[in-house]
$ cat entry18.txt   # compact mmCIF, N, CA and C atoms
# COMPACT_ATOMS: atom_id res chain seq x y z
N MET F 1 -3.64 -26.98 -60.15
CA MET F 1 -2.67 -26.64 -59.15
C MET F 1 -3.15 -25.52 -58.26
N HIS F 2 -4.10 -24.78 -58.73
CA HIS F 2 -4.57 -23.67 -57.91
C HIS F 2 -5.50 -24.14 -56.79
N ILE F 3 -6.10 -25.28 -56.96
CA ILE F 3 -7.03 -25.78 -55.95
C ILE F 3 -6.31 -26.13 -54.65
N PRO F 4 -5.18 -26.81 -54.66
CA PRO F 4 -4.50 -27.08 -53.38
C PRO F 4 -4.09 -25.79 -52.67
N TYR F 5 -3.66 -24.79 -53.43
CA TYR F 5 -3.30 -23.52 -52.79
C TYR F 5 -4.52 -22.83 -52.19
N ALA F 6 -5.65 -22.96 -52.85
CA ALA F 6 -6.87 -22.37 -52.33
C ALA F 6 -7.27 -23.08 -51.04
N GLY F 7 -7.16 -24.38 -51.03
CA GLY F 7 -7.46 -25.15 -49.81
C GLY F 7 -6.53 -24.77 -48.69
N LEU F 8 -5.28 -24.63 -49.02
CA LEU F 8 -4.29 -24.22 -48.03
C LEU F 8 -4.61 -22.84 -47.48
N ALA F 9 -5.04 -21.94 -48.34
CA ALA F 9 -5.42 -20.59 -47.91
C ALA F 9 -6.62 -20.63 -46.97
N VAL F 10 -7.59 -21.49 -47.26
CA VAL F 10 -8.77 -21.62 -46.41
C VAL F 10 -8.36 -22.17 -45.04
N VAL F 11 -7.54 -23.19 -45.03
CA VAL F 11 -7.06 -23.77 -43.76
C VAL F 11 -6.28 -22.72 -42.97
N ALA F 12 -5.43 -21.98 -43.64
CA ALA F 12 -4.66 -20.94 -42.97
C ALA F 12 -5.57 -19.86 -42.40
N ALA F 13 -6.59 -19.47 -43.15
CA ALA F 13 -7.53 -18.45 -42.68
C ALA F 13 -8.30 -18.94 -41.47
N LEU F 14 -8.75 -20.19 -41.50
CA LEU F 14 -9.47 -20.75 -40.35
C LEU F 14 -8.57 -20.86 -39.12
N SER F 15 -7.35 -21.25 -39.33
CA SER F 15 -6.39 -21.34 -38.23
C SER F 15 -6.13 -19.97 -37.63
N LEU F 16 -6.00 -18.98 -38.48
CA LEU F 16 -5.78 -17.61 -38.02
C LEU F 16 -6.97 -17.10 -37.24
N ALA F 17 -8.18 -17.43 -37.71
CA ALA F 17 -9.38 -16.99 -37.00
C ALA F 17 -9.45 -17.64 -35.63
N ALA F 18 -9.14 -18.93 -35.54
CA ALA F 18 -9.16 -19.63 -34.25
C ALA F 18 -8.09 -19.06 -33.33
N CYS F 19 -6.95 -18.80 -33.87
CA CYS F 19 -5.86 -18.22 -33.09
C CYS F 19 -6.24 -16.83 -32.60
N SER F 20 -6.87 -16.08 -33.45
CA SER F 20 -7.29 -14.73 -33.10
C SER F 20 -8.30 -14.75 -31.96
N GLN F 21 -9.25 -15.68 -31.99
CA GLN F 21 -10.25 -15.80 -30.92
C GLN F 21 -9.57 -16.17 -29.60
N LYS F 22 -8.63 -17.09 -29.68
CA LYS F 22 -7.92 -17.51 -28.48
C LYS F 22 -7.09 -16.34 -27.92
N THR F 23 -6.46 -15.59 -28.81
CA THR F 23 -5.68 -14.43 -28.39
C THR F 23 -6.57 -13.40 -27.73
N GLU F 24 -7.74 -13.19 -28.29
CA GLU F 24 -8.69 -12.23 -27.70
C GLU F 24 -9.12 -12.68 -26.32
N GLU F 25 -9.38 -13.97 -26.16
CA GLU F 25 -9.78 -14.49 -24.85
C GLU F 25 -8.65 -14.32 -23.83
N HIS F 26 -7.43 -14.58 -24.26
CA HIS F 26 -6.29 -14.41 -23.35
C HIS F 26 -6.10 -12.94 -22.99
N ALA F 27 -6.28 -12.06 -23.94
CA ALA F 27 -6.14 -10.62 -23.67
C ALA F 27 -7.21 -10.15 -22.70
N THR F 28 -8.43 -10.66 -22.86
CA THR F 28 -9.51 -10.29 -21.94
C THR F 28 -9.21 -10.79 -20.54
N ALA F 29 -8.75 -12.03 -20.44
CA ALA F 29 -8.40 -12.58 -19.12
C ALA F 29 -7.27 -11.79 -18.48
N ALA F 30 -6.27 -11.42 -19.28
CA ALA F 30 -5.16 -10.64 -18.75
C ALA F 30 -5.62 -9.26 -18.28
N ALA F 31 -6.53 -8.65 -19.02
CA ALA F 31 -7.05 -7.33 -18.62
C ALA F 31 -7.85 -7.46 -17.33
N ASP F 32 -8.63 -8.52 -17.20
CA ASP F 32 -9.38 -8.74 -15.96
C ASP F 32 -8.44 -8.92 -14.77
N GLN F 33 -7.39 -9.68 -14.97
CA GLN F 33 -6.42 -9.90 -13.89
C GLN F 33 -5.69 -8.61 -13.54
N ALA F 34 -5.37 -7.81 -14.54
CA ALA F 34 -4.71 -6.53 -14.27
C ALA F 34 -5.63 -5.60 -13.48
N GLY F 35 -6.90 -5.60 -13.83
CA GLY F 35 -7.87 -4.79 -13.09
C GLY F 35 -7.99 -5.24 -11.65
N ALA F 36 -8.04 -6.55 -11.44
CA ALA F 36 -8.13 -7.09 -10.08
C ALA F 36 -6.88 -6.76 -9.28
N ALA F 37 -5.72 -6.85 -9.92
CA ALA F 37 -4.47 -6.53 -9.23
C ALA F 37 -4.42 -5.05 -8.85
N THR F 38 -4.90 -4.20 -9.72
CA THR F 38 -4.93 -2.77 -9.43
C THR F 38 -5.86 -2.48 -8.26
N ALA F 39 -7.04 -3.09 -8.26
CA ALA F 39 -7.99 -2.90 -7.16
C ALA F 39 -7.40 -3.40 -5.84
N SER F 40 -6.73 -4.54 -5.90
CA SER F 40 -6.11 -5.10 -4.69
C SER F 40 -5.01 -4.18 -4.17
N ALA F 41 -4.20 -3.66 -5.07
CA ALA F 41 -3.12 -2.75 -4.66
C ALA F 41 -3.69 -1.48 -4.04
N ALA F 42 -4.76 -0.97 -4.62
CA ALA F 42 -5.39 0.23 -4.07
C ALA F 42 -5.94 -0.04 -2.67
N HIS F 43 -6.56 -1.19 -2.49
CA HIS F 43 -7.09 -1.56 -1.18
C HIS F 43 -5.95 -1.69 -0.16
N ASP F 44 -4.87 -2.37 -0.56
CA ASP F 44 -3.73 -2.53 0.35
C ASP F 44 -3.13 -1.18 0.71
N THR F 45 -3.10 -0.26 -0.23
CA THR F 45 -2.56 1.08 0.05
C THR F 45 -3.41 1.79 1.09
N VAL F 46 -4.73 1.68 0.96
CA VAL F 46 -5.62 2.32 1.93
C VAL F 46 -5.43 1.71 3.32
N VAL F 47 -5.36 0.38 3.38
CA VAL F 47 -5.18 -0.30 4.66
C VAL F 47 -3.86 0.10 5.29
N ASN F 48 -2.80 0.13 4.50
CA ASN F 48 -1.48 0.51 5.02
C ASN F 48 -1.45 1.97 5.46
N ALA F 49 -2.12 2.84 4.73
CA ALA F 49 -2.17 4.25 5.12
C ALA F 49 -2.93 4.42 6.43
N ASP F 50 -4.02 3.67 6.59
CA ASP F 50 -4.77 3.73 7.85
C ASP F 50 -3.91 3.25 9.02
N ALA F 51 -3.19 2.16 8.81
CA ALA F 51 -2.32 1.63 9.86
C ALA F 51 -1.21 2.63 10.20
N ALA F 52 -0.65 3.26 9.19
CA ALA F 52 0.41 4.25 9.43
C ALA F 52 -0.14 5.45 10.20
N ALA F 53 -1.35 5.87 9.86
CA ALA F 53 -1.96 6.99 10.57
C ALA F 53 -2.21 6.63 12.03
N ALA F 54 -2.69 5.42 12.27
CA ALA F 54 -2.92 4.98 13.65
C ALA F 54 -1.62 4.91 14.43
N ASN F 55 -0.57 4.39 13.79
CA ASN F 55 0.74 4.31 14.46
C ASN F 55 1.30 5.69 14.74
N THR F 56 1.10 6.62 13.82
CA THR F 56 1.57 7.99 14.02
C THR F 56 0.83 8.65 15.17
N ALA F 57 -0.48 8.45 15.22
CA ALA F 57 -1.27 9.03 16.32
C ALA F 57 -0.82 8.46 17.67
N ALA F 58 -0.57 7.16 17.71
CA ALA F 58 -0.11 6.54 18.95
C ALA F 58 1.26 7.09 19.35
N ALA F 59 2.14 7.28 18.38
CA ALA F 59 3.47 7.83 18.68
C ALA F 59 3.38 9.27 19.19
N VAL F 60 2.48 10.05 18.60
CA VAL F 60 2.29 11.43 19.06
C VAL F 60 1.75 11.45 20.48
N ASP F 61 0.78 10.59 20.76
CA ASP F 61 0.24 10.50 22.14
C ASP F 61 1.33 10.10 23.12
N ASN F 62 2.14 9.12 22.73
CA ASN F 62 3.22 8.66 23.59
C ASN F 62 4.24 9.77 23.83
N ALA F 63 4.57 10.50 22.78
CA ALA F 63 5.52 11.61 22.92
C ALA F 63 4.96 12.69 23.84
N ALA F 64 3.66 12.98 23.70
CA ALA F 64 3.04 13.99 24.56
C ALA F 64 3.07 13.53 26.02
N ASP F 65 2.77 12.25 26.26
CA ASP F 65 2.82 11.73 27.63
C ASP F 65 4.23 11.81 28.20
N ASN F 66 5.22 11.44 27.39
CA ASN F 66 6.62 11.51 27.85
C ASN F 66 7.06 12.94 28.12
N THR F 67 6.61 13.86 27.28
CA THR F 67 6.95 15.27 27.49
C THR F 67 6.34 15.79 28.78
N ALA F 68 5.08 15.42 29.02
CA ALA F 68 4.41 15.85 30.26
C ALA F 68 5.11 15.26 31.48
N ALA F 69 5.50 13.99 31.39
CA ALA F 69 6.21 13.35 32.51
C ALA F 69 7.56 14.03 32.75
N ALA F 70 8.27 14.33 31.68
CA ALA F 70 9.57 15.00 31.82
C ALA F 70 9.41 16.40 32.40
N ALA F 71 8.36 17.11 31.99
CA ALA F 71 8.11 18.44 32.54
C ALA F 71 7.79 18.35 34.02
N GLY F 72 7.02 17.34 34.42
CA GLY F 72 6.71 17.15 35.84
C GLY F 72 7.96 16.84 36.64
N THR F 73 8.81 16.00 36.11
CA THR F 73 10.07 15.68 36.79
C THR F 73 10.95 16.92 36.91
N ALA F 74 11.05 17.69 35.85
CA ALA F 74 11.85 18.92 35.89
C ALA F 74 11.29 19.90 36.91
N ALA F 75 9.98 20.01 37.00
CA ALA F 75 9.37 20.93 37.97
C ALA F 75 9.66 20.47 39.40
N ARG F 76 9.55 19.17 39.66
CA ARG F 76 9.85 18.66 41.01
C ARG F 76 11.31 18.89 41.38
N LYS F 77 12.21 18.68 40.41
CA LYS F 77 13.64 18.90 40.68
C LYS F 77 13.92 20.38 40.92
N ALA F 78 13.25 21.24 40.18
CA ALA F 78 13.43 22.69 40.39
C ALA F 78 12.93 23.08 41.77
N ASP F 79 11.77 22.51 42.17
CA ASP F 79 11.24 22.80 43.52
C ASP F 79 12.20 22.28 44.60
N ALA F 80 12.73 21.08 44.38
CA ALA F 80 13.67 20.53 45.36
C ALA F 80 14.93 21.38 45.44
N ALA F 81 15.41 21.86 44.31
CA ALA F 81 16.61 22.71 44.32
C ALA F 81 16.30 24.03 45.01
N ALA F 82 15.12 24.58 44.77
CA ALA F 82 14.76 25.84 45.43
C ALA F 82 14.63 25.65 46.93
N ASP F 83 14.05 24.52 47.36
CA ASP F 83 13.93 24.24 48.79
C ASP F 83 15.31 24.07 49.43
N ALA F 84 16.19 23.38 48.71
CA ALA F 84 17.55 23.17 49.25
C ALA F 84 18.28 24.51 49.34
N ALA F 85 18.08 25.36 48.36
CA ALA F 85 18.73 26.67 48.39
C ALA F 85 18.18 27.52 49.52
N ALA F 86 16.88 27.41 49.78
CA ALA F 86 16.27 28.20 50.84
C ALA F 86 16.77 27.74 52.20
N LYS F 87 17.01 26.46 52.37
CA LYS F 87 17.47 25.92 53.65
C LYS F 87 18.92 26.31 53.94
N THR F 88 19.71 26.56 52.90
CA THR F 88 21.12 26.89 53.12
C THR F 88 21.30 28.37 53.46
N HIS F 89 20.33 29.21 53.24
CA HIS F 89 20.48 30.66 53.54
C HIS F 89 19.96 30.96 54.87
$ encode --input "entry18.txt" --output "C-alpha cells"
Amino acid sequence: MHIPYAGLAVVAALSLAACSQKTEEHATAAADQAGAATASAAHDTVVNADAAAANTAAAVDNAADNTAAAAGTAARKADAAADAAAKTH
C-alpha cells in the first residue's frame, strides 16, 4: 500500500516542479513588463515636461508682447491727453 502513495508523491512533486518553473517564467515576464512600463512612463513624463516648458515660455513671451503693446497704447493716450490739455489752455 505504500507504493501507490510513493508514486503519488513523485507525481505531485513533479507537478509542483513544473508549476514552479511556469510560475517563475510568468514572474520574470511580469517583471520585464513592469520595467518596460516604468521606462515608458518616465519617457512620457520627460516629453510632457518639455512640452509644458515650451508652452510656458510661449505664454511668457506672449504676455511680454501684450504688456509692451499695452504700455505703448497707454503712452500714446497720455500724449494725446497732454496735447489736448495744452490746446485748451
$ atom_distance --input "entry18.txt" --atom1 "atom N of Ala41 in chain F" --atom2 "atom C of Ala59 in chain F"
28.5 Å
$ atom_distance --input "entry18.txt" --atom1 "CA of Ala70 in chain F" --atom2 "CA of Lys87 in chain F"
25.7 Å
$ atom_distance --input "entry18.txt" --atom1 "atom C of His26 in chain F" --atom2 "atom N of Ser40 in chain F"
19.1 Å
$ decode --input "entry18.txt" --residues "range 22-78 of chain F" --atoms "C-alpha atoms" --output "PDB file, in the first residue's frame"
ATOM      1  CA  LYS F  22       5.946  28.093 -15.077  1.00  0.00           C
ATOM      2  CA  THR F  23       5.340  30.458 -12.161  1.00  0.00           C
ATOM      3  CA  GLU F  24       8.943  31.637 -12.332  1.00  0.00           C
ATOM      4  CA  GLU F  25       8.626  32.284 -16.067  1.00  0.00           C
ATOM      5  CA  HIS F  26       5.426  34.258 -15.525  1.00  0.00           C
ATOM      6  CA  ALA F  27       7.030  36.273 -12.727  1.00  0.00           C
ATOM      7  CA  THR F  28      10.011  37.076 -14.946  1.00  0.00           C
ATOM      8  CA  ALA F  29       7.740  38.167 -17.786  1.00  0.00           C
ATOM      9  CA  ALA F  30       5.701  40.313 -15.401  1.00  0.00           C
ATOM     10  CA  ALA F  31       8.861  41.940 -14.032  1.00  0.00           C
ATOM     11  CA  ASP F  32      10.050  42.671 -17.577  1.00  0.00           C
ATOM     12  CA  GLN F  33       6.710  44.247 -18.434  1.00  0.00           C
ATOM     13  CA  ALA F  34       6.741  46.310 -15.251  1.00  0.00           C
ATOM     14  CA  GLY F  35      10.224  47.567 -16.095  1.00  0.00           C
ATOM     15  CA  ALA F  36       9.140  48.493 -19.615  1.00  0.00           C
ATOM     16  CA  ALA F  37       6.068  50.284 -18.284  1.00  0.00           C
ATOM     17  CA  THR F  38       8.193  52.247 -15.834  1.00  0.00           C
ATOM     18  CA  ALA F  39      10.636  53.268 -18.570  1.00  0.00           C
ATOM     19  CA  SER F  40       7.752  54.299 -20.814  1.00  0.00           C
ATOM     20  CA  ALA F  41       6.153  56.359 -18.054  1.00  0.00           C
ATOM     21  CA  ALA F  42       9.460  58.086 -17.338  1.00  0.00           C
ATOM     22  CA  HIS F  43       9.886  58.904 -21.027  1.00  0.00           C
ATOM     23  CA  ASP F  44       6.332  60.252 -21.260  1.00  0.00           C
ATOM     24  CA  THR F  45       6.951  62.400 -18.188  1.00  0.00           C
ATOM     25  CA  VAL F  46      10.053  63.930 -19.764  1.00  0.00           C
ATOM     26  CA  VAL F  47       8.225  64.605 -23.040  1.00  0.00           C
ATOM     27  CA  ASN F  48       5.277  66.173 -21.218  1.00  0.00           C
ATOM     28  CA  ALA F  49       7.570  68.304 -19.054  1.00  0.00           C
ATOM     29  CA  ASP F  50       9.386  69.549 -22.150  1.00  0.00           C
ATOM     30  CA  ALA F  51       6.077  70.415 -23.818  1.00  0.00           C
ATOM     31  CA  ALA F  52       4.880  72.212 -20.688  1.00  0.00           C
ATOM     32  CA  ALA F  53       8.113  74.200 -20.515  1.00  0.00           C
ATOM     33  CA  ALA F  54       7.778  75.206 -24.173  1.00  0.00           C
ATOM     34  CA  ASN F  55       4.152  76.235 -23.640  1.00  0.00           C
ATOM     35  CA  THR F  56       5.109  78.245 -20.561  1.00  0.00           C
ATOM     36  CA  ALA F  57       7.891  80.022 -22.448  1.00  0.00           C
ATOM     37  CA  ALA F  58       5.492  80.859 -25.281  1.00  0.00           C
ATOM     38  CA  ALA F  59       2.923  82.189 -22.798  1.00  0.00           C
ATOM     39  CA  VAL F  60       5.561  84.349 -21.097  1.00  0.00           C
ATOM     40  CA  ASP F  61       6.675  85.748 -24.465  1.00  0.00           C
ATOM     41  CA  ASN F  62       3.065  86.449 -25.398  1.00  0.00           C
ATOM     42  CA  ALA F  63       2.415  88.165 -22.071  1.00  0.00           C
ATOM     43  CA  ALA F  64       5.539  90.300 -22.504  1.00  0.00           C
ATOM     44  CA  ASP F  65       4.432  91.309 -26.019  1.00  0.00           C
ATOM     45  CA  ASN F  66       0.942  92.177 -24.762  1.00  0.00           C
ATOM     46  CA  THR F  67       2.373  94.184 -21.879  1.00  0.00           C
ATOM     47  CA  ALA F  68       4.640  96.127 -24.241  1.00  0.00           C
ATOM     48  CA  ALA F  69       1.709  96.801 -26.589  1.00  0.00           C
ATOM     49  CA  ALA F  70      -0.471  97.968 -23.688  1.00  0.00           C
ATOM     50  CA  ALA F  71       2.319 100.236 -22.423  1.00  0.00           C
ATOM     51  CA  GLY F  72       2.668 101.733 -25.913  1.00  0.00           C
ATOM     52  CA  THR F  73      -1.062 102.340 -26.125  1.00  0.00           C
ATOM     53  CA  ALA F  74      -1.104 103.941 -22.672  1.00  0.00           C
ATOM     54  CA  ALA F  75       1.817 106.205 -23.630  1.00  0.00           C
ATOM     55  CA  ARG F  76       0.090 107.329 -26.841  1.00  0.00           C
ATOM     56  CA  LYS F  77      -3.137 108.044 -24.943  1.00  0.00           C
ATOM     57  CA  ALA F  78      -1.214 110.005 -22.307  1.00  0.00           C
TER      58      ALA F  78
END
